[in-house]
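Engineer: I have a structure here, written as structure tokens, and I will follow up with some questions on it.
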Amino acid sequence: METITIGLLGLGTVGKGVVTLLQKQAAKIARTQDFRFKLKSVAVHNRTRHQNDDLPAGTILTEKVTDVVDDPEIQIVIEAMGTIEPAKVAICQAILNGKSIISANKDLLATAGEEILRLAKTAKVDFFYEASVAGGIPILRVLSSSLETDKISQITGIINGTANYVLTAMDREDRDYATALKNAQELGYAEADPTNDVQGIDATYKLIILSRFAFGQSLRLADIPRRGITKISPAQLASAKQFKMKIKLLAVAKEAGHQLYSLVGPAAIPAAEPLAHVNGVQNAIAVQSDALGETTYTGPGAGAAPTANSILSDLLATGDDIVKGDCGREFNNYRKPAAAQSLTTVPQRYLITVEEDRSLTNSNYPDLFQQQTVGPHYWSGLTSVISRDTLEKLLHTLEKNGAKVSYLPIANSWQPVPQE
Ligand code: HSE
């Protein structure tokens with residue numbers, strides 16, 4: 001049986017999860033594969049912090065990334081450092097040294113993915129990154145294999161566990177944003193600096209990767225309009241509840257004609273839709289496609305074991321390619337040019353919430369609102385499908401009265417006007 005030698009960069013939550021799962025599942029891997037893995041070296045920032053970590057006997061713990069990426073014996077490098085630098089330099093060096101790469105680094109893949117994946121293709125090494133989107137949900141493999149022959153028209157994801165945890169806590173425990181976030185940080189569900197999660201940046205990175213697989217389209221960060229969850233108020237959640245809706249941070253990409261419309265931001269989801277019931281740190285991705293209709297993939301979007309499981313599935317795929325001498329095939333080879341468009345500017349329905357002014361009724365705007373509700377400190381209405389221009393005029397008029405006005409799109413009410 002062939003032994004494949006691997007090296008690991010980083011021994012945080014994800015790195016430790018990989019080491020644990022690799023040891024735990026070694027017997028099953030030996031039964032299903034005609035190769036076995038040997039973890040040779042692990043590079044960490046500070047060796048003394050990891051002296052007591054449970055590593056397989058003989059594993060080298062080093063502070064030098066080059067001990068892993070320049071070691072001629074190592075065939076696969078698992079990058080579990082996160083952040084763009086120094087991961088990018090290490091990965092490029094490893095590729096140039098002929099090593100296959102497995103990474104969970106969505107920041108890097110979204111921003112420099114094209115360049116690095118080209119480098120890997122030229123060097124004829126594998127580069128898999130299942131864990132970079134939605135942690136344990138095997139969504140990239142589903143898109144690139146099971147749905148390869150289907151035509152996908154829309155993907156809608158709850159792909160940031162932190163934001164979903166905070167919104168769920170606000171909704172269930174009637175908390176304001178700051179209190180819910182603080183509680184999430186105390187419980188370890190949100191990072192000390194949660195900016196990327198609550199501002200939708202992390203979800204945007206993941207949507208960029210998903211769009212490459214689903215639509216063959218490489219969106220840039222600037223192509224995707226983004227709103228975070230920091231301004232969501234208890235009144236908005238309460239008014240959504242009155243209309244039997246839930247507020248979630250959504251990442252959406254929708255193909256119409258030769259255009260790919262996208263957005264990342266909070267939206268109100270009618271209770272009838274499966275995504276309305278995805279709570280806490282769970283992730284979910286709803287895929288609309290011609291042959292299958294709507295399929296929804298739900299599961300843990302982060303955490304040591306789920307992320308490690310995705311990394312190990314990449315490891316098996318790479319091991320298989322190494323044994324067959326078939327490295328260098330792309331994880332995703334779908335390319336289809338389309339014009340990037342904003343989903344925020346197309347006609348759609350909105351949930352409008354007006355706080356600190358209850359004098360409004362929908363009789364003020366008979367053509368705009370289909371339903372209304374009144375709470376202790378707010379008035380709220382559901383619009384019919386209206387243009388962005390109409391929305392902005394409405395917000396302007398309402399704000400003139402001194403009220404605090406907010407709006408949320410209603411999920412799946414988007415009606416892009418087909419263009420050639
Ligand atoms: N910060 C991410 C989240 C971790 O909250 O979903 C997984 O990418």
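Here's how to read the names in the structure tokens: chain A, B, ... by the order shown, residue numbers from 1 in each chain, ligand numbers from 1 in the order shown.
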Would you list the residues that come within 7 Å of ligand 1? Count only C-alpha atoms and all ligand atoms and give the answer as a list in words.
Structural biologist: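 Counting only what the definition allows, namely only C-alpha atoms and all ligand atoms, the set is Ser132, Val133, Ala134, Gly135, Ile159, Asn160, Gly161, Thr162, Ala163, Ala190, Asp197, Asp202, Gly301 and Ala302 of chain A.
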Engineer: Keeping only N, CA, C and O atoms, write the selected residues to a file as an mmCIF file, in the first residue's frame.
Structural biologist:
```cif
data_model
loop_
_atom_site.group_PDB
_atom_site.id
_atom_site.type_symbol
_atom_site.label_atom_id
_atom_site.label_comp_id
_atom_site.auth_asym_id
_atom_site.auth_seq_id
_atom_site.Cartn_x
_atom_site.Cartn_y
_atom_site.Cartn_z
ATOM 1 N N SER A 132 -13.860 25.684 2.193
ATOM 2 C CA SER A 132 -13.854 27.157 2.167
ATOM 3 C C SER A 132 -15.268 27.744 2.159
ATOM 4 O O SER A 132 -15.459 28.903 2.506
ATOM 5 N N VAL A 133 -16.258 26.963 1.760
ATOM 6 C CA VAL A 133 -17.648 27.455 1.741
ATOM 7 C C VAL A 133 -18.519 26.529 2.581
ATOM 8 O O VAL A 133 -18.558 25.318 2.348
ATOM 9 N N ALA A 134 -19.191 27.114 3.565
ATOM 10 C CA ALA A 134 -20.169 26.377 4.379
ATOM 11 C C ALA A 134 -19.571 25.172 5.108
ATOM 12 O O ALA A 134 -20.253 24.161 5.302
ATOM 13 N N GLY A 135 -18.320 25.288 5.520
ATOM 14 C CA GLY A 135 -17.653 24.324 6.403
ATOM 15 C C GLY A 135 -17.880 22.860 6.066
ATOM 16 O O GLY A 135 -17.247 22.307 5.174
ATOM 17 N N ILE A 159 -24.719 31.595 4.696
ATOM 18 C CA ILE A 159 -23.376 31.009 4.697
ATOM 19 C C ILE A 159 -22.442 31.716 5.681
ATOM 20 O O ILE A 159 -21.236 31.608 5.559
ATOM 21 N N ASN A 160 -23.045 32.427 6.621
ATOM 22 C CA ASN A 160 -22.225 32.942 7.722
ATOM 23 C C ASN A 160 -22.891 32.576 9.045
ATOM 24 O O ASN A 160 -23.949 33.113 9.385
ATOM 25 N N GLY A 161 -22.267 31.659 9.759
ATOM 26 C CA GLY A 161 -22.838 31.145 10.999
ATOM 27 C C GLY A 161 -22.929 32.196 12.089
ATOM 28 O O GLY A 161 -23.896 32.226 12.848
ATOM 29 N N THR A 162 -21.933 33.075 12.148
ATOM 30 C CA THR A 162 -21.926 34.108 13.193
ATOM 31 C C THR A 162 -23.138 35.028 13.039
ATOM 32 O O THR A 162 -23.878 35.279 14.003
ATOM 33 N N ALA A 163 -23.333 35.527 11.831
ATOM 34 C CA ALA A 163 -24.458 36.446 11.581
ATOM 35 C C ALA A 163 -25.777 35.729 11.837
ATOM 36 O O ALA A 163 -26.717 36.304 12.417
ATOM 37 N N ALA A 190 -18.913 34.152 18.203
ATOM 38 C CA ALA A 190 -18.473 35.278 17.382
ATOM 39 C C ALA A 190 -17.052 35.641 17.801
ATOM 40 O O ALA A 190 -16.683 35.511 18.972
ATOM 41 N N ASP A 197 -17.714 39.025 9.540
ATOM 42 C CA ASP A 197 -18.947 38.239 9.636
ATOM 43 C C ASP A 197 -20.188 39.137 9.617
ATOM 44 O O ASP A 197 -21.100 38.914 8.842
ATOM 45 N N ASP A 202 -17.379 38.074 4.823
ATOM 46 C CA ASP A 202 -17.126 36.621 4.771
ATOM 47 C C ASP A 202 -18.139 35.937 3.832
ATOM 48 O O ASP A 202 -17.757 35.104 3.004
ATOM 49 N N GLY A 301 -21.726 25.075 9.366
ATOM 50 C CA GLY A 301 -20.902 25.910 8.489
ATOM 51 C C GLY A 301 -19.505 26.152 9.020
ATOM 52 O O GLY A 301 -18.682 26.788 8.368
ATOM 53 N N ALA A 302 -19.226 25.672 10.211
ATOM 54 C CA ALA A 302 -17.906 25.868 10.822
ATOM 55 C C ALA A 302 -17.700 24.800 11.887
ATOM 56 O O ALA A 302 -18.520 23.883 12.011
#
```
Engineer: Which residues come within 8 Å of Lys404 (chain A), counting only C-alpha atoms, excluding same-chain residues fewer than 3 positions away, as a VMD selection string?
Structural biologist: chain A and resid 354 to 357 399
Engineer: Using only C-alpha atoms, which protein or nucleic acid residues come within 12 Å of Asn52 (chain A)? Drop anything in the same chain fewer than 5 positions from it, and give the result as an MDAnalysis selection string.
Structural biologist: chainID A and resid 11 16 47 61
Engineer: Take the residues that were just selected and, keeping N, CA, C and O atoms, output them as a PDB file, in the first residue's frame.
Structural biologist:
```pdb
ATOM      1  N   LEU A  11      -2.177  25.085  13.255  1.00  0.00           N
ATOM      2  CA  LEU A  11      -2.704  24.100  14.201  1.00  0.00           C
ATOM      3  C   LEU A  11      -3.702  24.789  15.148  1.00  0.00           C
ATOM      4  O   LEU A  11      -3.660  24.643  16.355  1.00  0.00           O
ATOM      5  N   LYS A  16      -6.159  21.390  14.132  1.00  0.00           N
ATOM      6  CA  LYS A  16      -6.298  20.337  15.164  1.00  0.00           C
ATOM      7  C   LYS A  16      -7.402  19.351  14.765  1.00  0.00           C
ATOM      8  O   LYS A  16      -7.275  18.141  14.962  1.00  0.00           O
ATOM      9  N   ARG A  47       5.821  27.275  18.673  1.00  0.00           N
ATOM     10  CA  ARG A  47       5.905  25.857  19.008  1.00  0.00           C
ATOM     11  C   ARG A  47       5.545  25.546  20.464  1.00  0.00           C
ATOM     12  O   ARG A  47       4.879  24.557  20.752  1.00  0.00           O
ATOM     13  N   LEU A  61       7.116  19.202  14.641  1.00  0.00           N
ATOM     14  CA  LEU A  61       6.464  20.489  14.891  1.00  0.00           C
ATOM     15  C   LEU A  61       7.508  21.569  14.626  1.00  0.00           C
ATOM     16  O   LEU A  61       8.578  21.575  15.239  1.00  0.00           O
TER      17      LEU A  61
END
```
Engineer: Do you know which residues are at most 12 Å from Glu148 (chain A) counting only C-alpha atoms, after dropping those on the same chain fewer than 2 positions away, and could you put them as a list in words?
Structural biologist: Leu140, Arg141, Val142, Leu143, Ser144, Ser145, Ser146, Asp150, Lys151, Ile152, Phe213, Ala214, Phe215, Gly216, Ser289, Asp290, Ala291, Leu292, Phe331, Asn332, Asn333 and Tyr334 of chain A
Engineer: Let's have the selection written as a compact mmCIF listing (two decimals), in the first residue's frame, with N, CA and C atoms.
Structural biologist:
```
# COMPACT_ATOMS: atom_id res chain seq x y z
N LEU A 140 -19.53 22.37 -2.69
CA LEU A 140 -18.75 22.58 -3.92
C LEU A 140 -18.70 21.30 -4.74
N ARG A 141 -18.53 20.15 -4.05
CA ARG A 141 -18.50 18.88 -4.77
C ARG A 141 -19.86 18.58 -5.40
N VAL A 142 -20.94 18.93 -4.71
CA VAL A 142 -22.29 18.72 -5.28
C VAL A 142 -22.43 19.55 -6.56
N LEU A 143 -22.00 20.81 -6.48
CA LEU A 143 -22.14 21.68 -7.66
C LEU A 143 -21.26 21.21 -8.82
N SER A 144 -20.05 20.73 -8.50
CA SER A 144 -19.13 20.39 -9.58
C SER A 144 -19.30 18.97 -10.10
N SER A 145 -20.04 18.13 -9.36
CA SER A 145 -20.23 16.77 -9.87
C SER A 145 -21.71 16.45 -10.05
N SER A 146 -22.46 16.36 -8.96
CA SER A 146 -23.87 15.95 -9.06
C SER A 146 -24.70 16.91 -9.92
N ASP A 150 -26.76 19.93 -14.77
CA ASP A 150 -28.01 20.68 -14.60
C ASP A 150 -27.75 22.16 -14.84
N LYS A 151 -28.81 22.90 -15.17
CA LYS A 151 -28.63 24.35 -15.35
C LYS A 151 -29.13 25.06 -14.10
N ILE A 152 -28.21 25.69 -13.41
CA ILE A 152 -28.57 26.37 -12.16
C ILE A 152 -29.02 27.80 -12.47
N PHE A 213 -18.57 28.02 -9.24
CA PHE A 213 -19.01 26.63 -9.44
C PHE A 213 -20.41 26.58 -10.08
N ALA A 214 -21.30 27.42 -9.61
CA ALA A 214 -22.69 27.33 -10.08
C ALA A 214 -22.90 27.98 -11.44
N PHE A 215 -22.19 29.08 -11.69
CA PHE A 215 -22.46 29.86 -12.90
C PHE A 215 -21.23 30.04 -13.80
N GLY A 216 -20.09 29.53 -13.38
CA GLY A 216 -18.88 29.69 -14.18
C GLY A 216 -18.39 31.12 -14.22
N SER A 289 -32.48 24.75 -9.85
CA SER A 289 -31.92 24.28 -11.11
C SER A 289 -33.04 23.65 -11.95
N ASP A 290 -32.79 23.56 -13.26
CA ASP A 290 -33.82 23.09 -14.18
C ASP A 290 -34.30 21.68 -13.86
N ALA A 291 -33.37 20.74 -13.73
CA ALA A 291 -33.76 19.35 -13.58
C ALA A 291 -34.26 19.02 -12.18
N LEU A 292 -33.62 19.56 -11.18
CA LEU A 292 -33.96 19.19 -9.79
C LEU A 292 -34.98 20.12 -9.14
N PHE A 331 -10.72 21.61 -9.70
CA PHE A 331 -11.89 21.33 -8.86
C PHE A 331 -13.14 21.82 -9.61
N ASN A 332 -13.00 22.97 -10.24
CA ASN A 332 -14.11 23.54 -11.01
C ASN A 332 -13.56 24.05 -12.33
N ASN A 333 -14.06 23.51 -13.43
CA ASN A 333 -13.56 24.01 -14.73
C ASN A 333 -14.66 24.70 -15.53
N TYR A 334 -15.73 25.09 -14.84
CA TYR A 334 -16.85 25.77 -15.53
C TYR A 334 -16.53 27.26 -15.68
```
Engineer: Report as a tab-separated table the residues of region 355-412 of chain A within 9 Å of region 233-239 of chain A, each with its shortest atom pair and distance in Å (one decimal), using only C-alpha atoms, ordered by chain and increasing residue number.
Structural biologist:
```
residue	atom	partner	partner_atom	distance
A:Glu355	CA	A:Ala235	CA	7.4
A:Thr373	CA	A:Ser239	CA	7.2
A:Val374	CA	A:Ser239	CA	7.9
A:Gly375	CA	A:Ser239	CA	7.3
A:Pro376	CA	A:Ala235	CA	8.9
A:His377	CA	A:Ala235	CA	7.4
A:Tyr378	CA	A:Ala235	CA	6.6
A:Trp379	CA	A:Ser239	CA	8.0
A:Ser380	CA	A:Ser239	CA	6.1
A:Gly381	CA	A:Ser239	CA	8.4
A:Ser406	CA	A:Gln236	CA	7.9
A:Tyr407	CA	A:Gln236	CA	8.5
A:Leu408	CA	A:Gln236	CA	8.7
```
Engineer: In Å, with one decimal, what is the gap from CA of Val42 (chain A) to CA of Pro86 (chain A)?
Structural biologist: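 CA of Val42 (chain A) sits 15.5 Å away from CA of Pro86 (chain A).
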